[in-house]
$ cat input07.cif   # mmCIF, C-alpha atoms and all ligand atoms
data_query
#
loop_
_atom_site.group_PDB
_atom_site.id
_atom_site.type_symbol
_atom_site.label_atom_id
_atom_site.label_comp_id
_atom_site.auth_asym_id
_atom_site.auth_seq_id
_atom_site.Cartn_x
_atom_site.Cartn_y
_atom_site.Cartn_z
ATOM 1 C CA MET A 30 0.000 0.000 0.000
ATOM 2 C CA LYS A 31 1.140 3.536 -0.666
ATOM 3 C CA TYR A 32 1.151 5.430 2.631
ATOM 4 C CA GLU A 33 0.015 9.056 2.634
ATOM 5 C CA ILE A 34 -0.714 9.581 6.317
ATOM 6 C CA LEU A 35 1.626 7.176 8.102
ATOM 7 C CA LYS A 36 5.394 7.501 7.904
ATOM 8 C CA LEU A 37 7.538 4.644 9.152
ATOM 9 C CA ASP A 38 11.088 5.198 10.325
ATOM 10 C CA VAL A 39 12.942 2.128 11.636
ATOM 11 C CA ARG A 40 15.675 2.751 14.213
ATOM 12 C CA ASP A 41 17.418 0.028 16.237
ATOM 13 C CA ASN A 42 14.694 -2.486 15.358
ATOM 14 C CA ILE A 43 12.016 -0.057 16.541
ATOM 15 C CA GLY A 44 9.325 1.074 14.117
ATOM 16 C CA LEU A 45 8.588 4.738 14.695
ATOM 17 C CA ILE A 46 5.168 5.488 13.187
ATOM 18 C CA HIS A 47 4.485 9.189 12.588
ATOM 19 C CA ILE A 48 0.881 10.162 11.965
ATOM 20 C CA SER A 49 1.244 12.927 9.454
ATOM 21 C CA ARG A 50 -1.804 14.929 8.524
ATOM 22 C CA PRO A 51 -0.904 18.103 10.402
ATOM 23 C CA GLU A 52 -3.247 20.363 8.406
ATOM 24 C CA ALA A 53 -6.159 18.566 10.154
ATOM 25 C CA LEU A 54 -4.266 18.026 13.432
ATOM 26 C CA ASN A 55 -3.858 14.374 12.385
ATOM 27 C CA ALA A 56 -7.609 13.733 12.627
ATOM 28 C CA LEU A 57 -8.433 10.083 11.965
ATOM 29 C CA ASN A 58 -10.205 9.438 8.668
ATOM 30 C CA SER A 59 -11.009 6.173 6.855
ATOM 31 C CA ARG A 60 -7.703 6.348 5.013
ATOM 32 C CA PHE A 61 -5.821 6.411 8.352
ATOM 33 C CA PHE A 62 -7.534 3.185 9.417
ATOM 34 C CA SER A 63 -6.772 1.421 6.102
ATOM 35 C CA GLU A 64 -3.145 2.521 6.320
ATOM 36 C CA MET A 65 -2.775 1.463 9.962
ATOM 37 C CA ASP A 66 -4.338 -1.965 9.281
ATOM 38 C CA SER A 67 -2.025 -2.471 6.337
ATOM 39 C CA LEU A 68 1.093 -1.300 8.204
ATOM 40 C CA LEU A 69 0.371 -3.533 11.210
ATOM 41 C CA GLU A 70 -0.074 -6.476 8.846
ATOM 42 C CA GLU A 71 3.272 -5.702 7.174
ATOM 43 C CA LEU A 72 5.076 -5.327 10.486
ATOM 44 C CA ARG A 73 3.560 -8.369 12.168
ATOM 45 C CA ASN A 74 6.038 -10.802 10.599
ATOM 46 C CA ASN A 75 8.851 -8.331 9.962
ATOM 47 C CA ASN A 76 11.707 -9.505 12.184
ATOM 48 C CA ALA A 77 13.574 -6.228 11.686
ATOM 49 C CA VAL A 78 10.849 -4.444 13.675
ATOM 50 C CA LYS A 79 10.476 -5.679 17.243
ATOM 51 C CA GLY A 80 8.466 -2.859 18.809
ATOM 52 C CA LEU A 81 6.430 0.167 17.738
ATOM 53 C CA ILE A 82 6.248 3.787 18.827
ATOM 54 C CA ILE A 83 3.318 5.865 17.611
ATOM 55 C CA THR A 84 3.554 9.651 17.591
ATOM 56 C CA GLY A 85 2.015 12.624 15.793
ATOM 57 C CA GLU A 86 3.550 15.209 13.526
ATOM 58 C CA GLY A 87 3.060 18.889 14.393
ATOM 59 C CA LYS A 88 1.195 20.202 17.411
ATOM 60 C CA ALA A 89 -1.185 17.265 17.764
ATOM 61 C CA PHE A 90 -0.832 13.594 18.503
ATOM 62 C CA VAL A 91 -4.344 13.177 17.064
ATOM 63 C CA ALA A 92 -7.180 15.710 17.581
ATOM 64 C CA GLY A 93 -9.882 13.062 17.202
ATOM 65 C CA ALA A 94 -11.839 11.291 14.534
ATOM 66 C CA ASP A 95 -12.247 13.394 11.408
ATOM 67 C CA ILE A 96 -15.335 15.497 12.102
ATOM 68 C CA ALA A 97 -15.515 16.630 8.461
ATOM 69 C CA GLU A 98 -15.784 12.995 7.356
ATOM 70 C CA MET A 99 -18.265 12.011 10.083
ATOM 71 C CA VAL A 100 -20.660 14.929 9.699
ATOM 72 C CA ASN A 101 -22.477 13.437 6.709
ATOM 73 C CA MET A 102 -22.692 9.878 8.024
ATOM 74 C CA ASP A 103 -26.010 8.234 8.740
ATOM 75 C CA GLU A 104 -26.503 5.727 11.549
ATOM 76 C CA ALA A 105 -25.342 2.714 9.541
ATOM 77 C CA ALA A 106 -22.226 4.478 8.283
ATOM 78 C CA ALA A 107 -21.389 5.650 11.817
ATOM 79 C CA VAL A 108 -21.675 2.127 13.224
ATOM 80 C CA LYS A 109 -19.476 0.842 10.392
ATOM 81 C CA PHE A 110 -16.834 3.554 11.010
ATOM 82 C CA SER A 111 -16.915 2.890 14.747
ATOM 83 C CA LYS A 112 -16.482 -0.879 14.299
ATOM 84 C CA SER A 113 -13.700 -0.449 11.777
ATOM 85 C CA GLY A 114 -11.816 1.877 14.150
ATOM 86 C CA GLN A 115 -12.419 -0.460 17.068
ATOM 87 C CA LYS A 116 -10.964 -3.339 15.053
ATOM 88 C CA THR A 117 -7.837 -1.350 14.187
ATOM 89 C CA PHE A 118 -7.288 -0.265 17.793
ATOM 90 C CA ARG A 119 -7.886 -3.792 19.057
ATOM 91 C CA GLY A 120 -5.235 -4.863 16.533
ATOM 92 C CA ILE A 121 -2.783 -2.453 18.166
ATOM 93 C CA GLU A 122 -3.769 -3.605 21.636
ATOM 94 C CA MET A 123 -3.309 -7.285 20.781
ATOM 95 C CA PHE A 124 -0.280 -6.748 18.496
ATOM 96 C CA SER A 125 2.294 -9.334 19.539
ATOM 97 C CA LYS A 126 5.067 -6.743 19.811
ATOM 98 C CA PRO A 127 5.132 -3.896 22.361
ATOM 99 C CA VAL A 128 3.615 -0.545 21.366
ATOM 100 C CA ILE A 129 4.329 2.818 23.030
ATOM 101 C CA ALA A 130 2.390 6.039 22.402
ATOM 102 C CA ALA A 131 4.651 9.094 22.459
ATOM 103 C CA VAL A 132 1.995 11.757 22.946
ATOM 104 C CA ASN A 133 3.392 15.028 21.626
ATOM 105 C CA GLY A 134 0.300 17.263 21.711
ATOM 106 C CA PHE A 135 -3.492 17.080 21.533
ATOM 107 C CA ALA A 136 -4.774 13.540 22.151
ATOM 108 C CA LEU A 137 -8.492 14.184 21.958
ATOM 109 C CA GLY A 138 -11.424 11.895 21.254
ATOM 110 C CA GLY A 139 -10.186 9.205 18.870
ATOM 111 C CA GLY A 140 -6.632 10.411 19.598
ATOM 112 C CA CYS A 141 -6.951 9.643 23.284
ATOM 113 C CA GLU A 142 -8.568 6.334 22.290
ATOM 114 C CA LEU A 143 -5.585 5.528 20.059
ATOM 115 C CA ALA A 144 -3.119 6.321 22.853
ATOM 116 C CA MET A 145 -5.123 4.119 25.217
ATOM 117 C CA ALA A 146 -4.884 1.162 22.818
ATOM 118 C CA CYS A 147 -1.074 1.317 23.138
ATOM 119 C CA ASP A 148 0.698 -0.544 25.946
ATOM 120 C CA ILE A 149 2.468 2.444 27.524
ATOM 121 C CA ARG A 150 1.834 6.192 27.175
ATOM 122 C CA ILE A 151 4.647 8.733 27.494
ATOM 123 C CA ALA A 152 3.523 12.359 27.310
ATOM 124 C CA GLY A 153 5.393 15.504 26.419
ATOM 125 C CA VAL A 154 4.726 18.405 28.802
ATOM 126 C CA LYS A 155 2.565 20.054 26.137
ATOM 127 C CA ALA A 156 0.303 17.021 25.627
ATOM 128 C CA LYS A 157 -3.407 17.513 26.251
ATOM 129 C CA PHE A 158 -5.916 14.726 26.743
ATOM 130 C CA GLY A 159 -9.669 14.585 26.640
ATOM 131 C CA GLN A 160 -12.788 12.899 25.393
ATOM 132 C CA PRO A 161 -14.701 15.927 24.055
ATOM 133 C CA GLU A 162 -17.345 13.904 22.222
ATOM 134 C CA VAL A 163 -20.298 15.037 24.357
ATOM 135 C CA SER A 164 -19.548 18.623 23.258
ATOM 136 C CA LEU A 165 -20.392 17.399 19.748
ATOM 137 C CA GLY A 166 -23.434 15.467 20.962
ATOM 138 C CA LEU A 167 -21.502 12.216 20.494
ATOM 139 C CA ILE A 168 -19.815 9.560 22.600
ATOM 140 C CA PRO A 169 -16.448 7.891 21.933
ATOM 141 C CA GLY A 170 -16.751 5.195 19.280
ATOM 142 C CA PHE A 171 -13.341 3.518 19.220
ATOM 143 C CA ALA A 172 -13.832 1.742 22.589
ATOM 144 C CA GLY A 173 -12.745 4.775 24.604
ATOM 145 C CA THR A 174 -15.652 4.313 27.014
ATOM 146 C CA GLN A 175 -14.272 0.852 27.772
ATOM 147 C CA ARG A 176 -10.525 1.533 27.866
ATOM 148 C CA LEU A 177 -10.664 4.826 29.787
ATOM 149 C CA THR A 178 -12.628 3.201 32.605
ATOM 150 C CA ARG A 179 -10.156 0.338 32.804
ATOM 151 C CA LEU A 180 -7.164 2.697 32.832
ATOM 152 C CA VAL A 181 -8.261 5.486 35.181
ATOM 153 C CA GLY A 182 -11.218 4.000 37.095
ATOM 154 C CA LEU A 183 -14.929 4.681 36.956
ATOM 155 C CA GLY A 184 -15.004 8.088 38.658
ATOM 156 C CA ASN A 185 -12.157 9.629 36.659
ATOM 157 C CA ALA A 186 -13.521 8.171 33.412
ATOM 158 C CA LEU A 187 -17.062 9.442 33.937
ATOM 159 C CA HIS A 188 -15.681 12.835 34.971
ATOM 160 C CA LEU A 189 -13.667 13.176 31.744
ATOM 161 C CA LEU A 190 -16.365 11.682 29.533
ATOM 162 C CA MET A 191 -19.253 13.726 30.949
ATOM 163 C CA THR A 192 -17.509 17.110 31.248
ATOM 164 C CA ALA A 193 -15.425 16.837 28.032
ATOM 165 C CA ASP A 194 -12.651 18.547 30.057
ATOM 166 C CA MET A 195 -9.266 18.766 28.407
ATOM 167 C CA ILE A 196 -6.493 17.890 30.885
ATOM 168 C CA GLY A 197 -2.765 18.513 30.779
ATOM 169 C CA SER A 198 -0.061 15.900 30.985
ATOM 170 C CA GLU A 199 0.505 16.266 34.765
ATOM 171 C CA GLU A 200 -3.184 15.629 35.476
ATOM 172 C CA ALA A 201 -3.085 12.698 33.027
ATOM 173 C CA LEU A 202 -0.145 11.353 35.033
ATOM 174 C CA ARG A 203 -1.973 11.857 38.321
ATOM 175 C CA ILE A 204 -4.988 9.820 37.227
ATOM 176 C CA GLY A 205 -2.844 7.111 35.604
ATOM 177 C CA LEU A 206 -3.712 7.864 32.002
ATOM 178 C CA VAL A 207 -0.010 8.246 31.179
ATOM 179 C CA GLN A 208 2.992 6.592 32.748
ATOM 180 C CA MET A 209 5.533 9.406 32.399
ATOM 181 C CA VAL A 210 5.741 13.097 31.476
ATOM 182 C CA VAL A 211 8.914 14.453 29.885
ATOM 183 C CA GLU A 212 10.131 17.634 28.197
ATOM 184 C CA GLN A 213 8.944 17.828 24.581
ATOM 185 C CA GLU A 214 12.444 17.481 23.169
ATOM 186 C CA GLU A 215 13.034 14.362 25.295
ATOM 187 C CA LEU A 216 9.809 12.631 24.207
ATOM 188 C CA LEU A 217 10.986 10.439 21.351
ATOM 189 C CA ASN A 218 14.307 9.567 22.971
ATOM 190 C CA THR A 219 12.533 8.586 26.189
ATOM 191 C CA ALA A 220 10.083 6.383 24.264
ATOM 192 C CA LEU A 221 12.994 4.860 22.308
ATOM 193 C CA ASP A 222 14.953 4.205 25.542
ATOM 194 C CA ILE A 223 11.968 2.506 27.172
ATOM 195 C CA MET A 224 11.414 0.387 24.070
ATOM 196 C CA LYS A 225 15.128 -0.509 23.876
ATOM 197 C CA LYS A 226 14.982 -1.670 27.485
ATOM 198 C CA ILE A 227 11.911 -3.824 26.739
ATOM 199 C CA LEU A 228 13.669 -5.291 23.684
ATOM 200 C CA THR A 229 16.556 -6.573 25.849
ATOM 201 C CA LYS A 230 14.046 -8.830 27.647
ATOM 202 C CA GLY A 231 12.772 -12.199 26.471
ATOM 203 C CA PRO A 232 10.592 -11.363 23.440
ATOM 204 C CA LYS A 233 8.255 -14.288 23.979
ATOM 205 C CA ALA A 234 7.912 -13.344 27.656
ATOM 206 C CA VAL A 235 7.109 -9.714 26.757
ATOM 207 C CA SER A 236 4.522 -10.742 24.210
ATOM 208 C CA THR A 237 3.079 -13.270 26.697
ATOM 209 C CA ILE A 238 2.857 -10.567 29.387
ATOM 210 C CA LYS A 239 0.829 -8.446 27.004
ATOM 211 C CA LYS A 240 -1.516 -11.312 26.162
ATOM 212 C CA VAL A 241 -2.025 -12.480 29.768
ATOM 213 C CA VAL A 242 -2.542 -9.006 31.245
ATOM 214 C CA ARG A 243 -4.928 -7.962 28.489
ATOM 215 C CA LYS A 244 -6.944 -11.182 28.583
ATOM 216 C CA GLY A 245 -6.852 -11.176 32.388
ATOM 217 C CA ILE A 246 -8.345 -7.719 32.803
ATOM 218 C CA GLU A 247 -11.323 -8.855 30.763
ATOM 219 C CA THR A 248 -12.094 -11.798 33.047
ATOM 220 C CA ASP A 249 -12.324 -12.770 36.726
ATOM 221 C CA ILE A 250 -9.208 -13.434 38.847
ATOM 222 C CA ASP A 251 -9.558 -17.232 38.820
ATOM 223 C CA SER A 252 -9.899 -17.439 35.031
ATOM 224 C CA GLY A 253 -7.075 -14.888 34.655
ATOM 225 C CA SER A 254 -4.838 -16.921 36.960
ATOM 226 C CA GLU A 255 -5.636 -20.024 34.899
ATOM 227 C CA ILE A 256 -4.572 -18.182 31.709
ATOM 228 C CA GLU A 257 -1.396 -17.067 33.511
ATOM 229 C CA ALA A 258 -0.470 -20.622 34.579
ATOM 230 C CA GLU A 259 -1.001 -21.988 31.056
ATOM 231 C CA GLU A 260 1.044 -19.210 29.454
ATOM 232 C CA PHE A 261 3.738 -19.502 32.158
ATOM 233 C CA GLY A 262 4.157 -23.112 31.077
ATOM 234 C CA THR A 263 4.680 -22.179 27.418
ATOM 235 C CA LEU A 264 7.941 -20.394 28.345
ATOM 236 C CA PHE A 265 9.561 -23.570 29.648
ATOM 237 C CA GLY A 266 11.709 -25.659 27.366
ATOM 238 C CA ASN A 267 12.481 -22.559 25.334
ATOM 239 C CA GLU A 268 12.999 -18.907 26.197
ATOM 240 C CA GLY A 269 12.370 -19.199 29.935
ATOM 241 C CA THR A 270 14.733 -22.131 30.269
ATOM 242 C CA GLU A 271 17.428 -20.177 28.390
ATOM 243 C CA GLY A 272 16.852 -17.118 30.630
ATOM 244 C CA MET A 273 17.156 -19.158 33.816
ATOM 245 C CA LYS A 274 20.228 -21.062 32.554
ATOM 246 C CA ALA A 275 21.867 -17.761 31.592
ATOM 247 C CA PHE A 276 21.267 -16.434 35.113
ATOM 248 C CA LEU A 277 22.797 -19.514 36.697
ATOM 249 C CA GLU A 278 25.733 -19.479 34.261
ATOM 250 C CA LYS A 279 26.225 -15.718 34.857
ATOM 251 C CA ARG A 280 25.915 -14.818 31.187
ATOM 252 C CA THR A 281 23.592 -12.752 29.005
ATOM 253 C CA PRO A 282 20.694 -14.833 27.672
ATOM 254 C CA GLU A 283 20.558 -15.537 23.960
ATOM 255 C CA TRP A 284 16.962 -15.042 22.938
ATOM 256 C CA GLU A 285 15.681 -16.853 19.889
ATOM 257 C CA GLU A 286 14.581 -14.684 16.955
ATOM 258 C CA LYS A 287 10.797 -14.458 17.087
HETATM 259 N N1 LIG B 301 -11.584 16.500 12.676
HETATM 260 C C1 LIG B 301 -11.390 17.196 11.531
HETATM 261 N N2 LIG B 301 -10.632 18.323 11.460
HETATM 262 C C2 LIG B 301 -10.061 18.760 12.607
HETATM 263 C C3 LIG B 301 -10.213 18.073 13.840
HETATM 264 C C4 LIG B 301 -11.010 16.886 13.841
HETATM 265 N N3 LIG B 301 -11.195 16.139 14.938
HETATM 266 N N4 LIG B 301 -9.533 18.743 14.780
HETATM 267 C C5 LIG B 301 -8.974 19.797 14.171
HETATM 268 N N5 LIG B 301 -9.286 19.825 12.866
HETATM 269 C C6 LIG B 301 -8.885 20.802 11.853
HETATM 270 C C7 LIG B 301 -9.620 22.122 12.035
HETATM 271 O O1 LIG B 301 -10.900 22.065 11.459
HETATM 272 C C8 LIG B 301 -8.683 23.074 11.351
HETATM 273 O O2 LIG B 301 -8.855 22.982 9.952
HETATM 274 P P1 LIG B 301 -8.889 24.348 9.051
HETATM 275 O O3 LIG B 301 -7.526 24.950 9.264
HETATM 276 O O4 LIG B 301 -9.122 23.831 7.672
HETATM 277 O O5 LIG B 301 -9.971 25.189 9.621
HETATM 278 C C9 LIG B 301 -7.296 22.501 11.646
HETATM 279 O O6 LIG B 301 -7.516 21.135 12.032
HETATM 280 C C10 LIG B 301 -6.610 23.201 12.801
HETATM 281 O O7 LIG B 301 -7.481 23.193 13.903
HETATM 282 P P2 LIG B 301 -7.851 24.516 14.765
HETATM 283 O O8 LIG B 301 -7.741 25.724 13.912
HETATM 284 O O9 LIG B 301 -9.157 24.265 15.454
HETATM 285 O O10 LIG B 301 -6.640 24.499 15.817
HETATM 286 P P3 LIG B 301 -6.624 25.148 17.262
HETATM 287 O O11 LIG B 301 -5.222 25.085 17.728
HETATM 288 O O12 LIG B 301 -7.324 26.474 17.269
HETATM 289 O O13 LIG B 301 -7.528 24.171 18.177
HETATM 290 C C11 LIG B 301 -8.220 22.001 18.994
HETATM 291 C C12 LIG B 301 -7.061 22.877 18.442
HETATM 292 C C13 LIG B 301 -8.625 22.507 20.379
HETATM 293 C C14 LIG B 301 -7.686 20.592 19.102
HETATM 294 C C15 LIG B 301 -9.429 22.074 18.023
HETATM 295 O O14 LIG B 301 -8.976 21.838 16.693
HETATM 296 C C16 LIG B 301 -10.517 21.111 18.322
HETATM 297 O O15 LIG B 301 -11.286 21.300 19.251
HETATM 298 N N6 LIG B 301 -10.606 19.997 17.535
HETATM 299 C C17 LIG B 301 -11.657 19.023 17.651
HETATM 300 C C18 LIG B 301 -11.433 18.158 18.851
HETATM 301 C C19 LIG B 301 -12.539 17.158 18.992
HETATM 302 O O16 LIG B 301 -13.683 17.483 19.231
HETATM 303 N N7 LIG B 301 -12.183 15.859 18.861
HETATM 304 C C20 LIG B 301 -13.115 14.795 18.988
HETATM 305 C C21 LIG B 301 -13.667 14.420 17.656
HETATM 306 S S1 LIG B 301 -14.968 13.213 17.795
HETATM 307 C C22 LIG B 301 -14.169 11.767 18.039
HETATM 308 O O17 LIG B 301 -12.984 11.680 18.072
HETATM 309 C C23 LIG B 301 -15.088 10.587 18.198
HETATM 310 C C24 LIG B 301 -14.363 9.272 17.982
HETATM 311 C C25 LIG B 301 -15.334 8.183 17.768
HETATM 312 C C26 LIG B 301 -15.861 8.146 16.377
HETATM 313 C C27 LIG B 301 -16.818 7.051 16.205
HETATM 314 C C28 LIG B 301 -17.091 6.745 14.769
HETATM 315 C C29 LIG B 301 -18.483 6.993 14.317
#
$ encode --input "input07.cif" --output "structure tokens" --more "lines below"
Ligand code: CO8
Amino acid sequence: MKYEILKLDVRDNIGLIHISRPEALNALNSRFFSEMDSLLEELRNNNAVKGLIITGEGKAFVAGADIAEMVNMDEAAAVKFSKSGQKTFRGIEMFSKPVIAAVNGFALGGGCELAMACDIRIAGVKAKFGQPEVSLGLIPGFAGTQRLTRLVGLGNALHLLMTADMIGSEEALRIGLVQMVVEQEELLNTALDIMKKILTKGPKAVSTIKKVVRKGIETDIDSGSEIEAEEFGTLFGNEGTEGMKAFLEKRTPEWEEK
């Protein structure tokens, strides 16, 4: 596929995805979703890319779904757009490699929903978060109502969703929406450093962590613990055994290429 909105830059086995539609503050249109689906598919089995960082070009991370595209939709088209976006974001959430959002500016509506589908969110000091949909007479449609509640708790989620308040990065940190706030110029390097650290760990273990935690939060503790035990077992006789041997032999583990 020819990419017009997404730009991929690979550094140290990390795929840096820039969302580049700055004239519309990177608002998410249908083309964005087709490009993201296609890029994820390409990167899934690309061994040169072991983790992803998603960021925005210009003053926004993403200022929401494209209002100009949505304004003429009828009910059926809106449901279709919502489901297609949900599928893309679920694809990011369940992507077998780690994904970090480096939130450089406005992360509003669908932009906040995109950041929430990533595993870890690092914010620049200028980042702003919010779910302003009710100001437009809408609600989030890319599973933001579900992810926000899981990330920041019921009270904080309802507060943000019902008031449409835009919050700064420090408030986002306080409520647990982001994991770290850094100076703007440090944003990409910080995200790259965190990803590099993750990539020194057992790749199968990291991808298993993602799967177990994400499946676990959607179930009860006993079923989640059952999933954990099963997945724990899959690391023996391969990567886990190598990691433990390396510890005992006082050497660096040699992870298998995934
Ligand atoms: N969609 C389309 N265009 C946008 C969007 C957007 N979400 N946000 C900004 N733009 C455009 C503006 O229209 C403007 O274009 P132009 O220059 O042609 O007039 C350009 O980007 C620059 O924007 P501003 O001039 O407004 O920039 P400011 O710095 O003055 O303001 C803001 C920045 C505060 C971010 C402001 O642009 C704004 O409020 N944007 C809209 C934010 C918003 O409401 N986002 C939520 C959208 S709804 C949503 O995301 C629902 C997701 C679920 C969808 C479910 C599917 C059916």
$ resolve_selection --input "input07.cif" --expression "the PyMOL selection byres (((not hetatm)) within 8 of (chain B and resi 301))" --output "ChimeraX atom specification"
/A:51-57,89,91-99,106-112,114,135,137-140,142,160-162,164-165,167-171
$ resolve_selection --input "input07.cif" --expression "the PyMOL selection byres (((chain A and resi 46) around 7) and not hetatm)" --output "ChimeraX atom specification"
/A:35-38,44-45,47-48,82-84
$ closest_residue --input "input07.cif" --among "A:Met102, A:Leu68, A:Met30, A:Leu217" --to "Arg150 of chain A" --atoms "all atoms listed in the file"
A:Leu217
$ atom_distance --input "input07.cif" --atom1 "atom CA of Leu264 of chain A" --atom2 "atom CA of Ile151 of chain A"
29.3 Å
$ residues_around --input "input07.cif" --residues "segment 179-190 of chain A" --least-positions-apart "5" --cutoff "7 Å" --atoms "only C-alpha atoms" --output "list in words"
Gly159, Gln160, Ile204, Gly205 and Leu206 of chain A
$ closest_residue --input "input07.cif" --among "A:Val128, A:Ala152, A:Ile34, A:Ile256" --to "Lys225 of chain A" --atoms "all atoms listed in the file"
A:Val128
$ closest_residue --input "input07.cif" --among "A:Leu143, A:Arg40, A:Asp148, A:Gly231" --to "Ala275 of chain A" --atoms "all atoms listed in the file"
A:Gly231
$ axis_aligned_box --input "input07.cif" --around "segment 123-130 of chain A" --padding-each-side "6 Å" --output "JSON"
{"center_x": 0.9, "center_y": -1.6, "center_z": 20.8, "size_x": 20.4, "size_y": 27.4, "size_z": 16.5}
$ closest_residue --input "input07.cif" --among "A:Gln208, A:Gln115, A:Thr237, A:Thr174" --to "Ile223 of chain A" --atoms "only C-alpha atoms"
A:Gln208
$ atom_distance --input "input07.cif" --atom1 "atom CA of Ala136 of chain A" --atom2 "atom CA of Lys155 of chain A"
10.6 Å
$ closest_residue --input "input07.cif" --among "A:Ile121, A:Leu177, A:Ala105, A:Ile196" --to "Gly134 of chain A" --atoms "all atoms listed in the file"
A:Ile196
$ resolve_selection --input "input07.cif" --expression "the PyMOL selection byres (((chain A and resi 213-216) around 9) and not hetatm)" --output "list in words"
Ala131, Val132, Asn133, Ile151, Ala152, Gly153, Val154, Lys155, Ala156, Val210, Val211, Glu212, Leu217, Asn218, Thr219, Ala220 and Leu221 of chain A
$ residues_around --input "input07.cif" --residues "segment 69-78 of chain A" --least-positions-apart "4" --cutoff "7 Å" --atoms "only C-alpha atoms" --output "ChimeraX atom specification"
/A:42-44,65
$ atom_distance --input "input07.cif" --atom1 "atom CA of Ser236 of chain A" --atom2 "atom CA of Glu259 of chain A"
14.3 Å
$ decode --input "input07.cif" --residues "segment 218-223 of chain A" --atoms "all heavy atoms" --output "compact mmCIF listing (two decimals), in the first residue's frame"
# COMPACT_ATOMS: atom_id res chain seq x y z
N ASN A 218 13.18 10.32 22.42
CA ASN A 218 14.31 9.57 22.97
C ASN A 218 13.88 8.76 24.19
O ASN A 218 14.35 7.63 24.38
CB ASN A 218 15.47 10.51 23.33
CG ASN A 218 16.27 10.86 22.09
OD1 ASN A 218 16.24 10.11 21.10
ND2 ASN A 218 16.94 11.99 22.11
N THR A 219 13.00 9.34 25.01
CA THR A 219 12.53 8.59 26.19
C THR A 219 11.76 7.34 25.73
O THR A 219 11.98 6.24 26.25
CB THR A 219 11.61 9.47 27.07
OG1 THR A 219 12.32 10.66 27.40
CG2 THR A 219 11.19 8.75 28.33
N ALA A 220 10.87 7.53 24.75
CA ALA A 220 10.08 6.38 24.26
C ALA A 220 11.02 5.33 23.66
O ALA A 220 10.86 4.13 23.90
CB ALA A 220 9.06 6.85 23.24
N LEU A 221 12.03 5.80 22.91
CA LEU A 221 12.99 4.86 22.31
C LEU A 221 13.77 4.12 23.41
O LEU A 221 13.97 2.90 23.33
CB LEU A 221 13.97 5.60 21.39
CG LEU A 221 13.41 6.00 20.01
CD1 LEU A 221 14.26 7.09 19.36
CD2 LEU A 221 13.29 4.80 19.08
N ASP A 222 14.19 4.85 24.46
CA ASP A 222 14.95 4.21 25.54
C ASP A 222 14.10 3.15 26.25
O ASP A 222 14.60 2.07 26.58
CB ASP A 222 15.43 5.25 26.56
CG ASP A 222 16.60 6.06 26.03
OD1 ASP A 222 17.18 5.66 24.99
OD2 ASP A 222 16.94 7.10 26.64
N ILE A 223 12.84 3.48 26.49
CA ILE A 223 11.97 2.51 27.17
C ILE A 223 11.80 1.27 26.29
O ILE A 223 11.90 0.14 26.74
CB ILE A 223 10.60 3.13 27.52
CG1 ILE A 223 10.80 4.21 28.58
CG2 ILE A 223 9.61 2.08 28.02
CD1 ILE A 223 9.58 5.06 28.85
